[in-house]
Amino acid sequence: KKKLPRRPHNTTPSPPRPADMSSKTFKIAMPEGLDTHDTSPPPLPSWLKGFCVTSKAPSDVRRAGLEVCNLLADGFFKLSYDDVSVPRSMVKPGETEVPYDTAEAILVPGSPGTIFVALRPDNTTVDPVLLARALIEEADHVGADGWTKTAHTQRIIPVESIAPEMDYLQLAKQIVSQRFPEIQPQQEPMKSFAVRYEEHSPAVHLNSAEVQKAVADLVPDSYTVNLENPDLTILMVVAGGCVMMSVVEGYEKLHRFHIHSASYSA
């Protein structure tokens, strides 16, 4: 019987394999009873809040989601910005003040070019707009040449509320009623606003002009429209079968939430 040669004891071990993104699992935010073969993608759950993240290359969207999760998990960042913005006298533990613990990257059904980074727990009261602003401003402070934490991420768009795509008007009514109180001209300075609508692999292609006008008509007349430099911007992002909304101050100054802003031009 022929003997096999023994492996020399001084053989150099094989180098470790590079990290393989295919081994990282991602949840797909789909209700039970539906699968990825349905012709119309289901919307994300309405209780989620967080960020719609896009990547510089479509194939890197999962890496972009992980980059944003890592940024939000940074201990110093959480210590500085995990702020629920509730007056101390009004705090009811577990109700009015719920910091976020973690962030989770979730695939958006029907929208391969985006990934949703959800803040956990779902009932957190932290403002995603505040967190997105902090990330953009931190990257600006470091400078594009020195900022290496988001090599694959293009945009980090804050999302306050989510609804099925065709329910955009109902969601807009809710957002506008909360964020646009009636202004008394004699007592408060006038504020301006604009509506920004964008699509990422939408289930239904809506007419952007009609959508923006319908939402703008919900805003009280005490606010003026300013498309160049508004005080407040109503963001509407359609991805797959859902619409995501938030209201942002200084949208253009924040480079429309492009990270690596030095290389971005509108």
# chains A, B, ... in the order shown; residues from 1 in each chain; ligands from 1
>>> residues_around(residues="Ala239 of chain A", least_positions_apart="4", cutoff="9 Å", atoms="only C-alpha atoms", output="PyMOL selection string")
chain A and resi 43+52+108-111+113-114+165+198-203+243-244
>>> closest_residue(among="A:Ser46, A:Thr125, A:Gln187, A:Asn226", to="Asp167 of chain A", atoms="only C-alpha atoms")
A:Ser46
>>> select_by_dssp(residues="segment 134-217 of chain A", states="alpha helix (DSSP H)", output="PyMOL selection string")
chain A and resi 134-142+168-179+208-216
>>> closest_residue(among="A:Ile183, A:Ile259, A:Val215, A:Val176", to="Thr153 of chain A", atoms="only C-alpha atoms")
A:Ile259
>>> residues_around(residues="Val225 of chain A", least_positions_apart="6", cutoff="6 Å", atoms="only C-alpha atoms", output="MDAnalysis selection string")
chainID A and resid 192:194
>>> residues_around(residues="Glu249 of chain A", least_positions_apart="4", cutoff="12 Å", atoms="only C-alpha atoms", output="list in words")
Val129, Leu130, Ala132, Arg133, Pro158, Arg179, Lys191, Ser192, Phe193, Ala194, Asn229, Pro230, Asp231, Leu232, Thr233, Ile234, Leu235, Lys253, Leu254, His255, Arg256 and Phe257 of chain A
>>> write_last_selection(atoms="N, CA and C atoms", output="PDB file, in the first residue's frame")
ATOM      1  N   VAL A 129     -32.779  63.036  11.661  1.00  0.00           N
ATOM      2  CA  VAL A 129     -32.258  64.222  10.972  1.00  0.00           C
ATOM      3  C   VAL A 129     -31.048  64.767  11.731  1.00  0.00           C
ATOM      4  N   LEU A 130     -31.141  64.798  13.057  1.00  0.00           N
ATOM      5  CA  LEU A 130     -30.030  65.258  13.887  1.00  0.00           C
ATOM      6  C   LEU A 130     -28.796  64.391  13.669  1.00  0.00           C
ATOM      7  N   ALA A 132     -28.070  62.400  11.008  1.00  0.00           N
ATOM      8  CA  ALA A 132     -27.543  62.561   9.649  1.00  0.00           C
ATOM      9  C   ALA A 132     -26.780  63.868   9.510  1.00  0.00           C
ATOM     10  N   ARG A 133     -27.318  64.936  10.092  1.00  0.00           N
ATOM     11  CA  ARG A 133     -26.635  66.231  10.051  1.00  0.00           C
ATOM     12  C   ARG A 133     -25.264  66.130  10.721  1.00  0.00           C
ATOM     13  N   PRO A 158     -31.975  61.089   5.993  1.00  0.00           N
ATOM     14  CA  PRO A 158     -32.754  60.779   7.190  1.00  0.00           C
ATOM     15  C   PRO A 158     -34.210  60.488   6.859  1.00  0.00           C
ATOM     16  N   ARG A 179     -45.088  69.330  11.798  1.00  0.00           N
ATOM     17  CA  ARG A 179     -43.892  70.140  11.616  1.00  0.00           C
ATOM     18  C   ARG A 179     -44.148  71.550  11.099  1.00  0.00           C
ATOM     19  N   LYS A 191     -41.421  81.925   7.508  1.00  0.00           N
ATOM     20  CA  LYS A 191     -40.506  80.850   7.120  1.00  0.00           C
ATOM     21  C   LYS A 191     -40.856  80.369   5.720  1.00  0.00           C
ATOM     22  N   SER A 192     -39.847  79.902   5.011  1.00  0.00           N
ATOM     23  CA  SER A 192     -40.060  79.398   3.651  1.00  0.00           C
ATOM     24  C   SER A 192     -39.856  77.885   3.620  1.00  0.00           C
ATOM     25  N   PHE A 193     -40.355  77.259   2.556  1.00  0.00           N
ATOM     26  CA  PHE A 193     -40.218  75.806   2.440  1.00  0.00           C
ATOM     27  C   PHE A 193     -40.150  75.404   0.974  1.00  0.00           C
ATOM     28  N   ALA A 194     -39.737  74.149   0.767  1.00  0.00           N
ATOM     29  CA  ALA A 194     -39.751  73.531  -0.557  1.00  0.00           C
ATOM     30  C   ALA A 194     -40.018  72.052  -0.368  1.00  0.00           C
ATOM     31  N   ASN A 229     -33.494  78.571  -1.723  1.00  0.00           N
ATOM     32  CA  ASN A 229     -32.859  78.471  -0.408  1.00  0.00           C
ATOM     33  C   ASN A 229     -33.931  78.462   0.694  1.00  0.00           C
ATOM     34  N   PRO A 230     -34.704  77.385   0.805  1.00  0.00           N
ATOM     35  CA  PRO A 230     -35.794  77.340   1.788  1.00  0.00           C
ATOM     36  C   PRO A 230     -35.272  77.130   3.205  1.00  0.00           C
ATOM     37  N   ASP A 231     -36.047  77.617   4.167  1.00  0.00           N
ATOM     38  CA  ASP A 231     -35.722  77.343   5.568  1.00  0.00           C
ATOM     39  C   ASP A 231     -35.947  75.865   5.885  1.00  0.00           C
ATOM     40  N   LEU A 232     -37.050  75.326   5.383  1.00  0.00           N
ATOM     41  CA  LEU A 232     -37.422  73.938   5.639  1.00  0.00           C
ATOM     42  C   LEU A 232     -37.640  73.202   4.315  1.00  0.00           C
ATOM     43  N   THR A 233     -37.173  71.969   4.253  1.00  0.00           N
ATOM     44  CA  THR A 233     -37.364  71.153   3.062  1.00  0.00           C
ATOM     45  C   THR A 233     -38.076  69.866   3.435  1.00  0.00           C
ATOM     46  N   ILE A 234     -39.176  69.599   2.746  1.00  0.00           N
ATOM     47  CA  ILE A 234     -39.894  68.342   2.939  1.00  0.00           C
ATOM     48  C   ILE A 234     -39.293  67.333   1.968  1.00  0.00           C
ATOM     49  N   LEU A 235     -38.626  66.315   2.494  1.00  0.00           N
ATOM     50  CA  LEU A 235     -38.001  65.293   1.661  1.00  0.00           C
ATOM     51  C   LEU A 235     -38.954  64.129   1.457  1.00  0.00           C
ATOM     52  N   LYS A 253     -27.318  73.259   2.310  1.00  0.00           N
ATOM     53  CA  LYS A 253     -26.050  73.425   3.022  1.00  0.00           C
ATOM     54  C   LYS A 253     -25.466  72.088   3.456  1.00  0.00           C
ATOM     55  N   LEU A 254     -26.332  71.095   3.613  1.00  0.00           N
ATOM     56  CA  LEU A 254     -25.887  69.756   3.989  1.00  0.00           C
ATOM     57  C   LEU A 254     -25.599  68.903   2.753  1.00  0.00           C
ATOM     58  N   HIS A 255     -25.468  69.562   1.577  1.00  0.00           N
ATOM     59  CA  HIS A 255     -25.124  68.885   0.324  1.00  0.00           C
ATOM     60  C   HIS A 255     -26.126  67.803  -0.039  1.00  0.00           C
ATOM     61  N   ARG A 256     -27.379  68.018   0.345  1.00  0.00           N
ATOM     62  CA  ARG A 256     -28.441  67.027   0.085  1.00  0.00           C
ATOM     63  C   ARG A 256     -28.073  65.668   0.661  1.00  0.00           C
ATOM     64  N   PHE A 257     -27.347  65.724   1.781  1.00  0.00           N
ATOM     65  CA  PHE A 257     -26.932  64.542   2.535  1.00  0.00           C
ATOM     66  C   PHE A 257     -25.968  63.638   1.766  1.00  0.00           C
TER      67      PHE A 257
END
>>> select_by_dssp(residues="segment 35-251 of chain A", states="strand (DSSP E)", output="VMD selection string")
chain A and resid 50 to 55 102 to 107 114 to 120 153 to 159 161 to 164 191 to 202 223 to 225 232 to 240 242 to 249
>>> closest_residue(among="A:Val68, A:Leu44, A:Val219, A:Leu79", to="Arg155 of chain A", atoms="only C-alpha atoms")
A:Val68
>>> atom_distance(atom1="atom CA of Pro220 of chain A", atom2="atom CA of Gly241 of chain A")
28.8 Å
>>> atom_distance(atom1="atom CA of Gln178 of chain A", atom2="atom CA of Ala134 of chain A")
22.9 Å
>>> residues_around(residues="Lys173 of chain A", least_positions_apart="4", cutoff="8 Å", atoms="only C-alpha atoms", output="PyMOL selection string")
chain A and resi 169+177+215+218
>>> atom_distance(atom1="atom CA of Thr54 of chain A", atom2="atom CA of Ile156 of chain A")
7.0 Å
>>> closest_residue(among="A:Thr102, A:Asn123, A:Ser161, A:Thr148", to="Pro45 of chain A", atoms="only C-alpha atoms")
A:Ser161
